[in-house]
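File shown: data_12.cif (mmCIF, C-alpha atoms).
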```cif
data_coords
#
loop_
_atom_site.group_PDB
_atom_site.id
_atom_site.type_symbol
_atom_site.label_atom_id
_atom_site.label_comp_id
_atom_site.auth_asym_id
_atom_site.auth_seq_id
_atom_site.Cartn_x
_atom_site.Cartn_y
_atom_site.Cartn_z
ATOM 1 C CA MET U 1 -84.006 11.394 -212.287
ATOM 2 C CA ILE U 2 -86.382 8.955 -210.577
ATOM 3 C CA ILE U 3 -85.742 8.866 -206.831
ATOM 4 C CA GLY U 4 -88.547 6.544 -205.816
ATOM 5 C CA THR U 5 -91.554 4.532 -206.906
ATOM 6 C CA GLY U 6 -94.407 3.058 -204.935
ATOM 7 C CA ILE U 7 -97.556 1.094 -205.653
ATOM 8 C CA ASP U 8 -100.414 0.020 -203.427
ATOM 9 C CA ILE U 9 -103.732 -1.806 -203.660
ATOM 10 C CA ILE U 10 -106.452 -1.769 -201.000
ATOM 11 C CA GLU U 11 -109.861 -3.329 -200.503
ATOM 12 C CA VAL U 12 -112.549 -0.642 -200.583
ATOM 13 C CA ASP U 13 -114.479 -2.374 -197.764
ATOM 14 C CA ARG U 14 -111.490 -2.052 -195.402
ATOM 15 C CA ILE U 15 -111.383 1.716 -195.914
ATOM 16 C CA ALA U 16 -115.187 2.006 -195.721
ATOM 17 C CA ALA U 17 -115.137 0.297 -192.330
ATOM 18 C CA ARG U 18 -112.412 2.619 -190.995
ATOM 19 C CA VAL U 19 -113.808 5.848 -192.474
ATOM 20 C CA GLY U 20 -117.350 5.003 -191.374
ATOM 21 C CA ARG U 21 -116.383 4.705 -187.698
ATOM 22 C CA ASP U 22 -116.221 7.700 -185.402
ATOM 23 C CA SER U 23 -112.607 6.943 -184.474
ATOM 24 C CA GLY U 24 -110.840 9.976 -185.944
ATOM 25 C CA PHE U 25 -109.255 7.832 -188.678
ATOM 26 C CA LYS U 26 -110.847 9.900 -191.442
ATOM 27 C CA GLU U 27 -109.492 13.189 -190.053
ATOM 28 C CA MET U 28 -106.074 11.698 -189.309
ATOM 29 C CA VAL U 29 -105.604 10.364 -192.851
ATOM 30 C CA PHE U 30 -107.522 12.749 -195.130
ATOM 31 C CA SER U 31 -107.453 16.541 -195.552
ATOM 32 C CA LYS U 32 -110.620 18.622 -195.435
ATOM 33 C CA ASP U 33 -110.473 19.064 -199.222
ATOM 34 C CA GLU U 34 -110.106 15.319 -199.771
ATOM 35 C CA MET U 35 -113.086 14.626 -197.493
ATOM 36 C CA LYS U 36 -115.170 17.246 -199.308
ATOM 37 C CA TYR U 37 -114.286 15.695 -202.683
ATOM 38 C CA CYS U 38 -114.923 12.080 -201.656
ATOM 39 C CA ASP U 39 -118.113 12.792 -199.707
ATOM 40 C CA ALA U 40 -119.609 14.513 -202.764
ATOM 41 C CA LYS U 41 -119.248 11.339 -204.876
ATOM 42 C CA ALA U 42 -121.981 8.724 -205.387
ATOM 43 C CA LEU U 43 -119.554 6.018 -204.176
ATOM 44 C CA PRO U 44 -117.334 7.916 -201.722
ATOM 45 C CA PHE U 45 -115.488 4.919 -200.276
ATOM 46 C CA GLU U 46 -113.967 4.032 -203.663
ATOM 47 C CA HIS U 47 -112.481 7.528 -203.792
ATOM 48 C CA TYR U 48 -111.280 7.383 -200.178
ATOM 49 C CA ALA U 49 -109.663 4.006 -200.891
ATOM 50 C CA ALA U 50 -107.876 5.296 -204.002
ATOM 51 C CA ARG U 51 -106.502 8.245 -202.033
ATOM 52 C CA PHE U 52 -105.431 5.961 -199.203
ATOM 53 C CA ALA U 53 -103.607 3.755 -201.732
ATOM 54 C CA ALA U 54 -101.871 6.853 -203.137
ATOM 55 C CA LYS U 55 -100.656 7.842 -199.671
ATOM 56 C CA GLU U 56 -99.352 4.303 -199.074
ATOM 57 C CA ALA U 57 -97.660 4.318 -202.489
ATOM 58 C CA PHE U 58 -96.103 7.707 -201.721
ATOM 59 C CA LEU U 59 -94.691 6.452 -198.418
ATOM 60 C CA LYS U 60 -93.243 3.430 -200.202
ATOM 61 C CA ALA U 61 -91.658 5.750 -202.783
ATOM 62 C CA VAL U 62 -89.968 7.813 -200.052
ATOM 63 C CA GLY U 63 -88.975 4.673 -198.147
ATOM 64 C CA SER U 64 -90.978 5.178 -194.969
ATOM 65 C CA GLY U 65 -94.113 3.789 -193.369
ATOM 66 C CA TRP U 66 -97.056 4.603 -191.120
ATOM 67 C CA ASP U 67 -94.889 5.265 -188.086
ATOM 68 C CA SER U 68 -92.401 7.550 -189.820
ATOM 69 C CA GLY U 69 -93.706 10.678 -188.083
ATOM 70 C CA LEU U 70 -95.219 12.065 -191.289
ATOM 71 C CA ASN U 71 -98.760 13.437 -191.178
ATOM 72 C CA TRP U 72 -101.033 11.517 -193.512
ATOM 73 C CA ASN U 73 -103.440 14.434 -193.962
ATOM 74 C CA GLU U 74 -100.495 16.514 -195.221
ATOM 75 C CA ILE U 75 -100.102 14.047 -198.104
ATOM 76 C CA GLU U 76 -103.054 15.206 -200.147
ATOM 77 C CA VAL U 77 -104.538 13.895 -203.392
ATOM 78 C CA LEU U 78 -106.660 16.479 -205.187
ATOM 79 C CA ASN U 79 -107.829 16.764 -208.774
ATOM 80 C CA GLU U 80 -107.058 19.354 -211.432
ATOM 81 C CA ALA U 81 -110.002 20.928 -213.279
ATOM 82 C CA GLY U 82 -109.857 18.218 -215.959
ATOM 83 C CA GLY U 83 -109.907 15.452 -213.344
ATOM 84 C CA LYS U 84 -106.200 14.514 -213.287
ATOM 85 C CA PRO U 85 -105.122 13.544 -209.754
ATOM 86 C CA VAL U 86 -102.278 15.518 -208.216
ATOM 87 C CA LEU U 87 -100.428 14.658 -205.002
ATOM 88 C CA TYR U 88 -99.427 17.616 -202.815
ATOM 89 C CA ILE U 89 -97.250 17.624 -199.710
ATOM 90 C CA SER U 90 -97.658 20.344 -197.089
ATOM 91 C CA GLY U 91 -96.796 21.374 -193.547
ATOM 92 C CA MET U 92 -94.313 19.508 -191.395
ATOM 93 C CA THR U 93 -94.373 16.558 -193.787
ATOM 94 C CA LYS U 94 -93.089 18.760 -196.624
ATOM 95 C CA GLU U 95 -90.340 20.134 -194.376
ATOM 96 C CA ARG U 96 -89.219 16.660 -193.269
ATOM 97 C CA LEU U 97 -89.011 15.452 -196.890
ATOM 98 C CA LEU U 98 -87.026 18.437 -198.242
ATOM 99 C CA PRO U 99 -83.691 16.547 -198.046
ATOM 100 C CA LEU U 100 -84.978 14.040 -200.613
ATOM 101 C CA GLY U 101 -85.074 16.762 -203.275
ATOM 102 C CA ILE U 102 -88.502 15.803 -204.633
ATOM 103 C CA ARG U 103 -89.352 18.147 -207.500
ATOM 104 C CA VAL U 104 -92.069 16.238 -209.384
ATOM 105 C CA ILE U 105 -94.658 13.778 -208.083
ATOM 106 C CA HIS U 106 -96.555 11.611 -210.557
ATOM 107 C CA VAL U 107 -99.654 9.811 -209.279
ATOM 108 C CA SER U 108 -102.200 7.583 -210.954
ATOM 109 C CA LEU U 109 -105.320 6.171 -209.287
ATOM 110 C CA SER U 110 -107.761 3.469 -210.262
ATOM 111 C CA HIS U 111 -110.699 1.912 -208.463
ATOM 112 C CA LEU U 112 -113.457 -0.606 -208.842
ATOM 113 C CA LYS U 113 -116.318 -1.485 -206.526
ATOM 114 C CA SER U 114 -114.104 -3.717 -204.378
ATOM 115 C CA MET U 115 -110.499 -2.579 -204.969
ATOM 116 C CA ALA U 116 -108.500 0.610 -205.378
ATOM 117 C CA THR U 117 -104.923 1.047 -206.476
ATOM 118 C CA ALA U 118 -102.377 3.820 -206.945
ATOM 119 C CA ILE U 119 -98.861 4.304 -208.217
ATOM 120 C CA VAL U 120 -96.516 7.153 -207.323
ATOM 121 C CA ILE U 121 -93.262 8.112 -209.038
ATOM 122 C CA LEU U 122 -90.961 10.716 -207.506
ATOM 123 C CA GLU U 123 -88.456 12.738 -209.530
ATOM 124 C CA SER U 124 -85.637 15.018 -208.446
#
```
How would this structure read if it were set down as structure tokens?
Amino acid sequence: MIIGTGIDIIEVDRIAARVGRDSGFKEMVFSKDEMKYCDAKALPFEHYAARFAAKEAFLKAVGSGWDSGLNWNEIEVLNEAGGKPVLYISGMTKERLLPLGIRVIHVSLSHLKSMATAIVILES
């Protein structure tokens, strides 16, 4: 049964400006594995933006926002060997979301030079 859906779109330049600063934003929002993945790409900010959009879409699917007390870097978008994106939840964030009964998380990402988007579907 579907328990939530979320979609988000973000301008790549907005994420590039935030990630490029030495403000701690990058570490607050992205896991070490996400940073390693994105930084290895020819156009890293497109990949950061797509992951940011996925995190926003996930929060919309669970019905919360930035200030919900969830840790953004515990909402992690990685890729399977074939390239398929997978959204993982860990740590305190996973514990806080247990009552929702999330069993399956579907995520799809897309990005262009200027925009990135993601959709998340949660199933029980």
Need the axis-aligned box for stretch 104-111 of chain U with 3 Å each side, so what are the centre and edges in Å to one decimal, as AutoDock Vina command-line options?
```
--center_x -101.4 --center_y 9.1 --center_z -209.5 --size_x 24.6 --size_y 20.3 --size_z 8.9
```
(Q) Residues within 7 Å of U:Met28, please, as a ChimeraX atom specification. Count all atoms listed in the file; anything in the same chain fewer than 3 positions from it doesn't count. (A) /U:24-25,72-73
Print the selection's residues with C-alpha atoms to a file, as a compact mmCIF listing (two decimals), keeping the file's coordinate frame.
```
# COMPACT_ATOMS: atom_id res chain seq x y z
CA GLY U 24 -110.84 9.98 -185.94
CA PHE U 25 -109.26 7.83 -188.68
CA TRP U 72 -101.03 11.52 -193.51
CA ASN U 73 -103.44 14.43 -193.96
```
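Nearest residue to U:Ile119 among U:Pro44, U:Gly20, U:Pro85, U:Gly91 is U:Pro85, counting only C-alpha atoms.
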Q) For this file, the PyMOL selection byres ((chain U and resi 107) around 12) selects which residues, as a PyMOL selection string? A) chain U and resi 5-8+50-51+53-58+61+75-79+84-88+104-106+108-110+117-123
Q) Taking the file as shown, what set of residues would the PyMOL selection byres ((chain U and resi 124) around 6) give back, as a ChimeraX atom specification? A) /U:1,101-103,123
Next, write the just-selected residues to a file, as a compact mmCIF listing (two decimals), keeping the file's coordinate frame, keeping C-alpha atoms as the atom set.
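Saved result, part.txt, follows:
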```txt
# COMPACT_ATOMS: atom_id res chain seq x y z
CA MET U 1 -84.01 11.39 -212.29
CA GLY U 101 -85.07 16.76 -203.28
CA ILE U 102 -88.50 15.80 -204.63
CA ARG U 103 -89.35 18.15 -207.50
CA GLU U 123 -88.46 12.74 -209.53
```
Q: To verify the selection step, state as an NGL selection string which residues the PyMOL selection byres ((chain U and resi 113) around 8) yields on this input.
A: :U and (12 or 46 or 111-112 or 114-115)
Put those residues in a file: C-alpha atoms, as a PDB file, keeping the file's coordinate frame.
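For reference, part00.pdb as written:
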```
ATOM      1  CA  VAL U  12    -112.549  -0.642-200.583  1.00  0.00           C
ATOM      2  CA  GLU U  46    -113.967   4.032-203.663  1.00  0.00           C
ATOM      3  CA  HIS U 111    -110.699   1.912-208.463  1.00  0.00           C
ATOM      4  CA  LEU U 112    -113.457  -0.606-208.842  1.00  0.00           C
ATOM      5  CA  SER U 114    -114.104  -3.717-204.378  1.00  0.00           C
ATOM      6  CA  MET U 115    -110.499  -2.579-204.969  1.00  0.00           C
TER       7      MET U 115
END
```
Q.
As an exercise, work out the distance from atom CA of U:Glu74 to atom CA of U:Arg14 in Å and give it to one decimal place.
A.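 Separating atom CA of U:Glu74 from atom CA of U:Arg14 is a distance of 21.6 Å.
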(Q) To one decimal place in Å, what is the distance between atom CA of U:Gly63 and atom CA of U:Ala17? (A)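 So the answer is 27.2 Å.
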Q) What separation in Å, quoted to one decimal, exists between atom CA of U:Ala116 and atom CA of U:Ile10? A) 5.4 Å
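Between U:Asp39 and the candidates U:Ile9, U:Leu98, U:Leu59, U:Ala16, the tightest atom-to-atom separation, counting all atoms listed in the file, involves U:Ala16.
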Q | Proximity to U:Ile89 - best of U:Lys32, U:Leu70, U:His47, U:Ile15, all atoms listed in the file | A | U:Leu70
